[in-house]
Structures are given as C-alpha cells and as structure tokens.
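Asks: Sharing run-v4.csv, CSV, C-alpha atoms:
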```
chain,number,residue,atom,x,y,z
A,1,MET,CA,88.3,71.8,86.2
A,2,THR,CA,85.8,73.9,84.3
A,3,LEU,CA,85.7,76.8,81.8
A,4,THR,CA,82.4,78.6,81.6
A,5,SER,CA,81.1,81.9,80.2
A,6,ARG,CA,78.2,84.3,80.5
A,7,PRO,CA,77.2,87.6,78.8
A,8,PHE,CA,78.6,90.7,80.5
A,9,GLY,CA,77.0,93.4,78.4
A,10,VAL,CA,77.5,95.2,75.1
A,11,MET,CA,80.2,97.8,74.1
A,12,PRO,CA,79.0,101.2,72.8
A,13,ASP,CA,79.8,100.0,69.3
A,14,GLY,CA,77.6,96.9,69.7
A,15,ARG,CA,80.3,94.3,70.3
A,16,PRO,CA,79.3,91.8,72.9
A,17,VAL,CA,81.3,91.4,76.0
A,18,THR,CA,81.6,87.9,77.6
A,19,GLU,CA,82.9,87.1,81.1
A,20,TYR,CA,84.8,83.8,81.0
A,21,THR,CA,85.6,81.9,84.3
A,22,LEU,CA,88.4,79.4,84.8
A,23,ASP,CA,88.0,77.0,87.8
A,24,ASN,CA,90.9,74.6,88.6
A,25,GLY,CA,88.8,72.6,91.1
A,26,HIS,CA,91.1,73.4,94.0
A,27,GLY,CA,89.5,76.7,95.0
A,28,LEU,CA,91.2,79.0,92.5
A,29,ARG,CA,88.8,80.7,90.2
A,30,LEU,CA,89.5,83.5,87.7
A,31,SER,CA,87.0,85.6,85.7
A,32,ALA,CA,87.9,87.9,82.8
A,33,ILE,CA,86.2,90.0,80.1
A,34,ASN,CA,87.0,91.3,76.6
A,35,LEU,CA,87.3,94.9,77.7
A,36,GLY,CA,90.9,95.5,78.6
A,37,GLY,CA,91.4,91.8,79.4
A,38,ILE,CA,90.1,92.9,82.8
A,39,VAL,CA,90.2,90.3,85.6
A,40,THR,CA,86.9,90.9,87.2
A,41,ALA,CA,87.3,88.4,90.1
A,42,LEU,CA,90.0,86.0,91.5
A,43,HIS,CA,88.8,83.7,94.2
A,44,VAL,CA,91.4,82.1,96.4
A,45,PRO,CA,91.0,79.7,99.4
A,46,ASP,CA,92.1,80.6,102.9
A,47,ARG,CA,93.6,78.2,105.5
A,48,GLN,CA,90.1,76.8,106.2
A,49,GLY,CA,89.5,76.2,102.5
A,50,ARG,CA,87.0,79.1,102.2
A,51,SER,CA,87.3,81.1,99.0
A,52,ALA,CA,87.1,84.9,98.7
A,53,ASN,CA,87.7,87.3,95.9
A,54,VAL,CA,91.2,88.8,96.4
A,55,VAL,CA,91.1,91.5,93.7
A,56,LEU,CA,89.1,94.7,93.6
A,57,GLY,CA,86.6,95.1,90.8
A,58,LEU,CA,83.5,97.0,89.7
A,59,PRO,CA,79.9,95.9,89.5
A,60,SER,CA,79.2,96.1,85.8
A,61,LEU,CA,80.4,96.7,82.3
A,62,ASP,CA,79.0,100.2,82.4
A,63,ASP,CA,81.2,100.9,85.4
A,64,TYR,CA,84.3,99.6,83.7
A,65,LEU,CA,83.6,101.8,80.6
A,66,LYS,CA,83.7,104.9,82.8
A,67,PRO,CA,87.0,106.3,84.1
A,68,HIS,CA,88.6,104.1,86.8
A,69,PRO,CA,92.2,103.5,88.1
A,70,HIS,CA,92.9,100.5,85.8
A,71,PHE,CA,91.1,97.8,87.9
A,72,GLY,CA,92.3,94.4,86.7
A,73,THR,CA,93.5,95.6,83.3
A,74,ILE,CA,96.3,94.7,80.9
A,75,VAL,CA,98.4,97.8,80.7
A,76,GLY,CA,100.4,99.0,77.6
A,77,ARG,CA,101.5,99.8,75.1
A,78,TYR,CA,103.9,101.1,77.8
A,79,ALA,CA,103.1,100.2,81.4
A,80,ASN,CA,103.9,103.0,83.9
A,81,ARG,CA,105.0,106.5,83.0
A,82,ILE,CA,106.9,108.2,80.1
A,83,ALA,CA,108.1,111.7,81.0
A,84,ALA,CA,106.3,114.4,79.0
A,85,GLY,CA,104.9,111.7,76.8
A,86,ARG,CA,108.0,112.0,74.6
A,87,PHE,CA,110.8,109.7,73.4
A,88,THR,CA,113.2,109.5,70.5
A,89,LEU,CA,113.8,106.2,68.7
A,90,ASP,CA,116.4,105.8,65.9
A,91,GLY,CA,116.6,109.6,65.6
A,92,THR,CA,112.8,110.1,65.3
A,93,ALA,CA,110.9,112.0,68.0
A,94,HIS,CA,107.5,110.7,69.1
A,95,GLN,CA,104.9,112.6,71.1
A,96,LEU,CA,102.3,110.6,73.0
A,97,GLY,CA,99.0,111.8,74.4
A,98,LEU,CA,99.3,113.1,78.0
A,99,ASN,CA,96.9,111.5,80.5
A,100,ASP,CA,98.8,111.9,83.8
A,101,GLY,CA,99.4,115.6,84.2
A,102,VAL,CA,102.5,116.3,82.2
A,103,ASN,CA,103.2,112.6,81.5
A,104,THR,CA,101.8,109.6,79.7
A,105,LEU,CA,100.7,106.7,82.0
A,106,HIS,CA,99.9,103.1,81.0
A,107,GLY,CA,99.8,103.7,77.3
A,108,GLY,CA,97.7,106.9,77.2
A,109,ALA,CA,94.1,107.9,77.5
A,110,THR,CA,93.0,104.8,75.6
A,111,GLY,CA,95.6,102.3,76.5
A,112,PHE,CA,95.3,98.5,76.3
A,113,GLY,CA,93.1,98.5,79.4
A,114,LYS,CA,90.3,100.2,77.4
A,115,ARG,CA,90.6,98.2,74.2
A,116,TYR,CA,88.5,95.3,73.1
A,117,TRP,CA,90.4,92.0,73.2
A,118,GLU,CA,89.3,88.9,71.4
A,119,ILE,CA,89.2,86.0,73.8
A,120,VAL,CA,89.7,82.4,72.7
A,121,PRO,CA,89.0,79.8,75.4
A,122,VAL,CA,91.5,76.9,75.6
A,123,PRO,CA,89.7,74.3,77.7
A,124,ASP,CA,92.3,71.6,77.4
A,125,ASP,CA,94.9,74.0,79.1
A,126,LEU,CA,92.4,75.7,81.4
A,127,ALA,CA,93.4,78.9,79.7
A,128,LEU,CA,92.1,82.0,78.0
A,129,GLU,CA,94.1,83.5,75.1
A,130,LEU,CA,93.5,87.2,74.5
A,131,ARG,CA,94.4,88.8,71.2
A,132,TYR,CA,94.7,92.4,70.1
A,133,THR,CA,96.3,94.3,67.3
A,134,SER,CA,97.6,97.8,68.2
A,135,ALA,CA,97.6,100.0,65.1
A,136,ASP,CA,100.5,102.0,63.9
A,137,GLY,CA,100.2,105.4,65.5
A,138,GLU,CA,97.8,104.3,68.2
A,139,GLU,CA,98.2,106.8,71.1
A,140,GLY,CA,101.3,108.1,69.2
A,141,TYR,CA,103.3,104.9,69.3
A,142,PRO,CA,105.0,103.8,66.1
A,143,GLY,CA,104.4,100.3,64.5
A,144,GLU,CA,101.6,97.9,64.3
A,145,VAL,CA,101.9,95.5,67.2
A,146,GLN,CA,100.4,92.0,67.3
A,147,LEU,CA,99.7,90.9,70.9
A,148,THR,CA,98.6,87.7,72.6
A,149,VAL,CA,98.2,87.4,76.4
A,150,ARG,CA,97.3,84.1,77.9
A,151,TYR,CA,95.8,83.5,81.4
A,152,THR,CA,96.4,79.9,82.6
A,153,LEU,CA,95.4,78.2,85.8
A,154,SER,CA,97.4,75.3,87.0
A,155,ALA,CA,95.5,72.0,87.4
A,156,THR,CA,97.8,70.8,90.2
A,157,ALA,CA,98.6,74.0,92.2
A,158,ASN,CA,96.8,77.3,92.9
A,159,THR,CA,98.8,79.3,90.3
A,160,TRP,CA,97.7,81.9,87.8
A,161,ARG,CA,100.2,82.4,85.0
A,162,ILE,CA,100.2,85.3,82.5
A,163,ASP,CA,102.2,84.9,79.3
A,164,TYR,CA,102.7,87.9,77.1
A,165,ARG,CA,103.9,87.8,73.5
A,166,ALA,CA,104.2,90.5,70.9
A,167,THR,CA,105.7,91.4,67.5
A,168,THR,CA,105.9,94.6,65.5
A,169,ASP,CA,106.4,95.8,61.9
A,170,ARG,CA,108.3,98.9,62.9
A,171,PRO,CA,110.7,99.7,65.8
A,172,THR,CA,108.7,100.7,68.8
A,173,VAL,CA,108.8,100.6,72.6
A,174,LEU,CA,106.8,98.1,74.6
A,175,ASN,CA,106.3,97.4,78.3
A,176,LEU,CA,103.4,95.2,79.3
A,177,SER,CA,102.0,94.5,82.8
A,178,HIS,CA,98.8,93.7,84.7
A,179,HIS,CA,97.1,96.1,87.1
A,180,ASP,CA,95.3,94.0,89.7
A,181,TYR,CA,94.5,95.5,93.1
A,182,PHE,CA,95.1,92.7,95.5
A,183,ASN,CA,93.6,92.3,99.0
A,184,LEU,CA,94.2,88.8,100.4
A,185,ALA,CA,91.7,89.4,103.2
A,186,GLY,CA,88.9,89.8,100.6
A,187,SER,CA,87.8,93.1,102.1
A,188,GLY,CA,89.0,95.9,104.4
A,189,SER,CA,92.5,97.5,104.3
A,190,VAL,CA,95.8,96.0,103.1
A,191,MET,CA,97.8,97.9,105.7
A,192,ASP,CA,98.1,94.7,107.8
A,193,HIS,CA,99.4,92.6,104.9
A,194,VAL,CA,103.1,91.7,105.1
A,195,LEU,CA,105.2,92.3,102.1
A,196,THR,CA,108.6,91.0,101.0
A,197,LEU,CA,110.5,92.5,98.0
A,198,PRO,CA,113.9,90.9,97.1
A,199,ALA,CA,115.3,94.2,95.9
A,200,SER,CA,118.2,96.3,97.3
A,201,ARG,CA,117.5,99.2,94.9
A,202,TYR,CA,114.5,101.2,93.8
A,203,CYS,CA,113.7,104.2,91.6
A,204,PRO,CA,113.2,107.5,93.6
A,205,VAL,CA,110.9,109.8,91.7
A,206,ASP,CA,110.4,113.5,91.0
A,207,THR,CA,107.2,115.3,91.9
A,208,THR,CA,105.5,113.9,88.8
A,209,LEU,CA,106.6,110.4,89.7
A,210,ILE,CA,109.2,110.1,87.0
A,211,PRO,CA,112.3,108.1,88.1
A,212,LEU,CA,115.4,110.0,89.1
A,213,GLY,CA,117.7,107.1,88.5
A,214,LEU,CA,118.4,104.4,91.1
A,215,GLY,CA,118.6,104.5,94.9
A,216,GLU,CA,119.5,102.1,97.7
A,217,VAL,CA,116.6,100.9,99.9
A,218,ALA,CA,118.9,100.4,102.9
A,219,GLY,CA,118.0,102.7,105.8
A,220,THR,CA,114.7,103.8,104.1
A,221,PRO,CA,111.0,102.9,104.3
A,222,PHE,CA,111.5,101.2,101.0
A,223,ASP,CA,113.5,98.3,102.4
A,224,PHE,CA,111.2,95.3,102.2
A,225,ARG,CA,114.0,92.7,101.9
A,226,THR,CA,112.7,91.2,105.2
A,227,PRO,CA,108.9,90.7,105.7
A,228,THR,CA,107.4,94.1,106.7
A,229,ARG,CA,103.8,95.1,107.4
A,230,ILE,CA,102.8,97.6,104.8
A,231,GLY,CA,101.3,100.1,107.2
A,232,GLU,CA,104.4,100.0,109.4
A,233,ARG,CA,106.3,102.9,107.7
A,234,ILE,CA,103.9,104.3,105.1
A,235,ARG,CA,103.1,107.4,107.2
A,236,GLU,CA,106.8,108.3,107.8
A,237,GLY,CA,107.8,111.8,106.6
A,238,HIS,CA,110.2,110.5,103.9
A,239,GLU,CA,110.3,112.7,100.9
A,240,GLN,CA,109.6,109.8,98.5
A,241,LEU,CA,106.5,108.7,100.5
A,242,LEU,CA,105.2,112.3,100.4
A,243,ARG,CA,105.7,112.5,96.6
A,244,GLY,CA,103.8,109.2,96.0
A,245,HIS,CA,101.2,109.7,98.7
A,246,GLY,CA,102.5,106.4,99.9
A,247,TYR,CA,104.3,103.7,97.9
A,248,ASP,CA,104.1,104.1,94.1
A,249,HIS,CA,107.6,103.2,93.0
A,250,ASN,CA,109.6,100.7,90.9
A,251,TRP,CA,111.8,98.2,92.8
A,252,VAL,CA,114.9,96.7,91.0
A,253,LEU,CA,114.8,93.0,91.6
A,254,ASP,CA,118.0,91.3,92.9
A,255,ARG,CA,117.9,88.6,90.3
A,256,SER,CA,120.2,86.8,87.8
A,257,GLY,CA,119.4,85.1,84.5
A,258,THR,CA,116.2,85.5,82.4
A,259,GLY,CA,113.9,82.9,83.9
A,260,LEU,CA,111.2,83.1,86.5
A,261,ALA,CA,112.4,84.7,89.7
A,262,LEU,CA,110.7,85.8,92.9
A,263,ALA,CA,109.5,89.4,92.6
A,264,ALA,CA,107.3,89.7,95.8
A,265,ARG,CA,105.7,87.7,98.6
A,266,LEU,CA,102.5,89.0,100.1
A,267,ALA,CA,101.0,87.4,103.2
A,268,HIS,CA,97.8,88.0,105.3
A,269,GLU,CA,98.1,86.4,108.7
A,270,ALA,CA,94.4,86.3,109.6
A,271,SER,CA,93.3,84.4,106.5
A,272,GLY,CA,96.5,82.5,106.0
A,273,ARG,CA,96.6,83.5,102.3
A,274,VAL,CA,100.0,83.9,100.7
A,275,MET,CA,100.8,85.1,97.2
A,276,ASP,CA,104.3,84.6,95.7
A,277,VAL,CA,104.8,86.6,92.5
A,278,HIS,CA,107.5,85.2,90.1
A,279,THR,CA,108.4,86.9,86.9
A,280,THR,CA,110.9,87.1,84.0
A,281,GLU,CA,110.8,90.9,84.3
A,282,PRO,CA,113.6,93.0,86.0
A,283,GLY,CA,111.3,95.2,88.2
A,284,VAL,CA,108.1,95.4,90.1
A,285,GLN,CA,106.0,98.5,90.8
A,286,PHE,CA,104.5,98.4,94.3
A,287,TYR,CA,101.5,100.8,94.5
A,288,SER,CA,99.7,100.9,97.8
A,289,GLY,CA,96.3,102.2,96.4
A,290,ASN,CA,97.0,105.8,97.5
A,291,PHE,CA,94.6,107.4,95.1
A,292,LEU,CA,91.5,105.4,95.9
A,293,ASP,CA,89.2,108.1,97.3
A,294,GLY,CA,85.9,106.4,98.1
A,295,SER,CA,84.2,107.7,94.9
A,296,LEU,CA,83.9,104.3,93.3
A,297,LEU,CA,81.8,101.3,94.5
A,298,GLY,CA,83.4,97.8,94.3
A,299,SER,CA,81.8,94.7,92.9
A,300,ALA,CA,80.3,93.9,96.3
A,301,GLY,CA,78.9,97.4,96.7
A,302,GLU,CA,81.6,98.6,99.0
A,303,SER,CA,83.2,102.1,98.9
A,304,LEU,CA,86.8,101.7,97.6
A,305,ARG,CA,89.1,103.8,99.8
A,306,GLN,CA,92.8,104.5,100.2
A,307,GLY,CA,94.7,101.3,101.0
A,308,ASP,CA,91.8,98.9,100.2
A,309,GLY,CA,94.0,97.2,97.6
A,310,LEU,CA,97.6,97.1,96.4
A,311,CYS,CA,99.3,96.5,93.0
A,312,LEU,CA,102.4,94.5,92.3
A,313,GLU,CA,103.0,95.2,88.6
A,314,THR,CA,105.9,93.2,87.1
A,315,GLN,CA,107.6,95.4,84.4
A,316,HIS,CA,110.6,97.0,82.8
A,317,PHE,CA,111.4,100.4,84.4
A,318,PRO,CA,109.3,103.5,84.1
A,319,ASP,CA,110.5,106.1,81.5
A,320,ALA,CA,113.2,103.6,80.2
A,321,PRO,CA,113.0,105.1,76.6
A,322,ASN,CA,114.4,108.3,78.1
A,323,GLN,CA,116.8,106.8,80.6
A,324,PRO,CA,119.7,105.0,78.8
A,325,GLU,CA,121.0,103.4,82.1
A,326,PHE,CA,117.7,101.4,82.3
A,327,ALA,CA,117.2,98.1,80.4
A,328,SER,CA,115.9,98.8,76.8
A,329,THR,CA,112.2,98.4,76.0
A,330,VAL,CA,112.7,98.7,72.3
A,331,LEU,CA,111.1,96.0,70.1
A,332,ARG,CA,112.1,95.7,66.5
A,333,PRO,CA,110.7,93.8,63.5
A,334,GLY,CA,111.8,90.2,63.5
A,335,GLU,CA,112.0,90.1,67.3
A,336,VAL,CA,109.5,88.6,69.7
A,337,PHE,CA,108.6,90.2,73.0
A,338,ALA,CA,108.0,87.5,75.6
A,339,SER,CA,107.3,87.8,79.3
A,340,THR,CA,105.8,85.7,82.0
A,341,THR,CA,104.5,86.3,85.5
A,342,GLU,CA,103.1,83.8,87.9
A,343,HIS,CA,100.9,84.4,90.9
A,344,ARG,CA,101.4,81.4,93.2
A,345,PHE,CA,98.8,81.1,96.0
A,346,SER,CA,99.2,79.1,99.2
A,347,VAL,CA,98.4,79.2,102.9
A,348,CYS,CA,100.7,79.7,105.9
```
Could you spell out this file's structure in structure tokens?
Replies:
Amino acid sequence: MTLTSRPFGVMPDGRPVTEYTLDNGHGLRLSAINLGGIVTALHVPDRQGRSANVVLGLPSLDDYLKPHPHFGTIVGRYANRIAAGRFTLDGTAHQLGLNDGVNTLHGGATGFGKRYWEIVPVPDDLALELRYTSADGEEGYPGEVQLTVRYTLSATANTWRIDYRATTDRPTVLNLSHHDYFNLAGSGSVMDHVLTLPASRYCPVDTTLIPLGLGEVAGTPFDFRTPTRIGERIREGHEQLLRGHGYDHNWVLDRSGTGLALAARLAHEASGRVMDVHTTEPGVQFYSGNFLDGSLLGSAGESLRQGDGLCLETQHFPDAPNQPEFASTVLRPGEVFASTTEHRFSVC
C-alpha cells in the first residue's frame, strides 16, 4: 500500500495544487487533487488483472479550471437541481444563482467542485481527508458550513469509500454527492454496460429536469430492477427519455434502515469489471452522459462524446427543499450531516 503525491499546477491565486495517489497494492489506485476534490483517475483491474482508468478526466489543471461537466468533482452545497434557484426555510426566502437555465445545479456557478479543498493525507488508513469551509451566503445559501470528505481505499478489497461530514452555524439545506463519469471498459461507449438499480420508483421530470413527484418504473424504460444493457431502451420515444436526452433522473431506492444498502450494480462483460455501489442515501441519479458533445479532450487525448461515461450519484432527491413529500435536506446547528458511499469493484 502506498500514498504518493506530485505537483499538479497552481491556482490563479497562487495556491499550489497537488495530485495525491492512493494505491492499495491489489490493482486499485485513486488520484485526487485540491480543486473540487476532483478524482482525476481511478485504476481498476479486469479479470486478467490488467488495470485501466475507469473514470473520465481531463489532461491538466488548466483544463479543470475551464468550464466542464463536473468531471470527478464533489458536488454541493446542493447536489442536483433546485427549481428557479429558490427555496424558503423557516419562513425566509433564499435566492440562489442560476447556472442551469432557470434552475440552480450542483450548488451554483461556483459550487464545491470549483472550490479549493485542503487535503490531509492519512497514510495509516490509506485515505485522504479533504476539508473546506463554505461561507455564510456562498452562492446564496445561508449558514457557514464546515465540511470534511474522506476518500479511503480498503487494504483487503478493491473498495473506494467516501465519507461526508458537515456542520452548520445557521439552518441551511445540504445535499452532497460525487460526480464521477464511469466507464468500466476504460474507453469507448458505456452503452454495452449492464446496469441494475434496486428501485421500483423514480422521479419523472419537467422540461427543465425538475422532479414532478414520484412515478413507477414498471412498464417503462426506467425499470432496471433486473440487469439491463444501458443502450437497450435509451432510444425509445418515451417522453422522459426525450426530456433528459437519455437517462438523467433520480431513482428512489427500495431500501430499509439507515445503513449501507445497494444503490446500483454496473457490469462490463468484455473486461469482467463489476462495480457495486452501496450508500446510506435514499436515492441515486443515473446520468448517461447525454450532454458530452465531443468538444472536450479526455486525459488520454480522446474526444469525449455522448455515452462515453455514466454517473451514479448517490443523493437525497432533487429540489427537495421545494417538495415536502421528499425527505428533508435541512441541516440545523447542533446536527451533524453524515453520509457514506462505497464503490466495490470485483470481476465476473
């Protein structure tokens, strides 16, 4: 097991950026940087023991500083969308910046994925602890929030664990996730990947991708309760697929209790790689990379196109501050926000 680092560039304000790499000695290797807590690479072995990078990334810090669709970032203060960037908390209305048409997405124009995180290596645990203080009023959100996010690799299994923890000095809303674009083949399209989602309900959306409540997956292209190839139904003329330009929806996990539970299983037959996602969260956003348009080059110099990666973002539900039937995302002084997601890699 090793923990190494190398310079990765300098922020516009002069702060140095370091890329840290965790290696568990069993073929699992994760690299991350201060900017956005971005995971720049995640190497995973196939059934022959050959490792490949299974997340999309960009070539350099300069590329990550430019606009990009949240490659490998921590997302917050509120992951996913808030309708019209508005919510009311304890009788006070709050207006956020709009960065997704008429809505706010992933915390706003300068969400957590564009912030500088202090990284503290924890060699004994094969972990990186990332720390950030979100100021009161940042992007329009109330309260100063103290955050820690820890990336840990298991020494005995090929598991990447993310632990989120946060406190606030004023009532606020909080929804944290991670925005990795996975491709278990290491390159090419994910349309041949097989996905399982243990969820009998999902959130249909309006034309701006804000949830319209809950719907049943039965009899729709959104039923992934049995293993289904991603490309099998994505081009069906279902209204929800047309609105999302593919899959870009929240699934409501069929789960009980508050511990870790299966959120998704992703498998790639040719390489044998399998990823099981377990989480304490109630939902998962499956996004099929619909808006990758070939305008960005990946870390290997490849043009990143529609369907080259997919996201499985464990989370509370989109727009929950405006939808009382959804689980609350309010965090109050004296409370501790705590959430865990594990990515468990194996071979079939």
Asks: With only C-alpha atoms as the basis for distance, which of A:Gly213, A:Gly85, A:Pro333, A:Pro221 is at the shortest distance from A:Gln146?
Replies: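 Looking only at the distances to A:Gln146, the closest residue turns out to be A:Pro333.
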Asks: Which residues, written as a count of residues only, have at least one atom at most 9 Å from A:Ser288, with all atoms listed in the file counted and residues fewer than 6 positions away on the same chain left out?
Replies: 15
Asks: Figure out the distance between atom CA of A:Gly113 and atom CA of A:Arg201, please, to one decimal in Å.
Replies: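 Taking atom CA of A:Arg201 and atom CA of A:Gly113, their separation equals 28.9 Å.
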Asks: Could you check how far atom CA of A:Tyr20 sits from atom CA of A:Asn175, in Å to one decimal?
Replies: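 Separation between atom CA of A:Tyr20 and atom CA of A:Asn175: 25.6 Å.
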Asks: Between A:Gln285, A:Asn183, A:Ser177, A:Thr172, single out the one closest to A:Ala199, counting all atoms listed in the file.
Replies: A:Gln285
Asks: For each of A:Cys203, A:Leu296, A:Leu176, A:Val336, take the minimum atom-to-atom distance to A:Tyr64, counting all atoms listed in the file, then give the residue where this is smallest.
Replies: A:Leu296
Asks: Just checking: using all atoms listed in the file, which residue out of A:Asp163, A:Gly294, A:Val274, A:Pro227 ends up closest to A:Phe337?
Replies: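 Going through A:Asp163, A:Gly294, A:Val274, A:Pro227 one by one, the smallest distance to A:Phe337 is for A:Asp163.
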Asks: At a cut-off of 12 Å, using only C-alpha atoms, what residues contact A:Glu19? Leave out same-chain residues fewer than 3 positions from it and give the result as number ranges by chain.
Replies: A: 3-10, 16, 22, 30-41, 60-61, 117-121, 128
Asks: Residues at most 10 Å from A:Arg305, counting all atoms listed in the file, excluding those fewer than 2 positions away in the same chain, as a list in words?
Replies: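 Skipping anything fewer than 2 positions along the chain leaves Gly188, Ser189, Gly289, Asn290, Phe291, Leu292, Asp293, Gly294, Ser295, Leu296, Leu297, Gly298, Glu302, Ser303, Gly307, Asp308 and Gly309 of chain A.
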Asks: Atom CA of A:Phe345 and atom CA of A:Ala267 are how many Å apart?
Replies: 9.8 Å
Asks: What's around A:Gly49 at 12 Å? Count only C-alpha atoms, leave out sequence neighbours fewer than 3 positions away in its own chain, and write the answer as a list in words.
Replies: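 Skipping anything fewer than 3 positions along the chain leaves Gly25, His26, Gly27, Leu28, His43, Val44, Pro45, Asp46, Ala52, Ser271, Gly272, Arg273, Ser346 and Val347 of chain A.
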Asks: For those residues, write C-alpha atoms to a file as an mmCIF file, in the coordinates of the input.
Replies:
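What ended up in part.cif:
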```cif
data_model
loop_
_atom_site.group_PDB
_atom_site.id
_atom_site.type_symbol
_atom_site.label_atom_id
_atom_site.label_comp_id
_atom_site.auth_asym_id
_atom_site.auth_seq_id
_atom_site.Cartn_x
_atom_site.Cartn_y
_atom_site.Cartn_z
ATOM 1 C CA GLY A 25 88.800 72.600 91.100
ATOM 2 C CA HIS A 26 91.100 73.400 94.000
ATOM 3 C CA GLY A 27 89.500 76.700 95.000
ATOM 4 C CA LEU A 28 91.200 79.000 92.500
ATOM 5 C CA HIS A 43 88.800 83.700 94.200
ATOM 6 C CA VAL A 44 91.400 82.100 96.400
ATOM 7 C CA PRO A 45 91.000 79.700 99.400
ATOM 8 C CA ASP A 46 92.100 80.600 102.900
ATOM 9 C CA ALA A 52 87.100 84.900 98.700
ATOM 10 C CA SER A 271 93.300 84.400 106.500
ATOM 11 C CA GLY A 272 96.500 82.500 106.000
ATOM 12 C CA ARG A 273 96.600 83.500 102.300
ATOM 13 C CA SER A 346 99.200 79.100 99.200
ATOM 14 C CA VAL A 347 98.400 79.200 102.900
#
```
Asks: Near A:Ala300, counting all atoms listed in the file, which residues have an atom at most 10 Å away, once you skip same-chain residues fewer than 3 positions from it, shown as a tab-separated table (two decimals) with C-alpha atoms, in the frame of the given file?
Replies:
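That gives us result_26.tsv:
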```
chain	number	residue	atom	x	y	z
A	53	ASN	CA	87.70	87.30	95.90
A	56	LEU	CA	89.10	94.70	93.60
A	57	GLY	CA	86.60	95.10	90.80
A	58	LEU	CA	83.50	97.00	89.70
A	59	PRO	CA	79.90	95.90	89.50
A	187	SER	CA	87.80	93.10	102.10
A	297	LEU	CA	81.80	101.30	94.50
A	303	SER	CA	83.20	102.10	98.90
```
Asks: Determine the nearest neighbour of A:Ala93 from the options A:Pro142, A:His238, A:Thr228, A:Ala109, counting all atoms listed in the file.
Replies: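 Of all the options, A:Pro142 lies closest to A:Ala93.
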Asks: Between A:Pro204, A:Gly76, A:Gly107, A:Gly137, which is the closest to A:Gly244 once you count all atoms listed in the file?
Replies: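 With all atoms listed in the file as the atom set, the closest residue is A:Pro204.
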Asks: Once you count all atoms listed in the file, which residues end up no further than 10 Å from (98.3, 77.8, 87.2) in the file's frame, shown as a VMD selection string?
Replies: chain A and resid 24 28 125 to 127 151 to 162 342 to 345
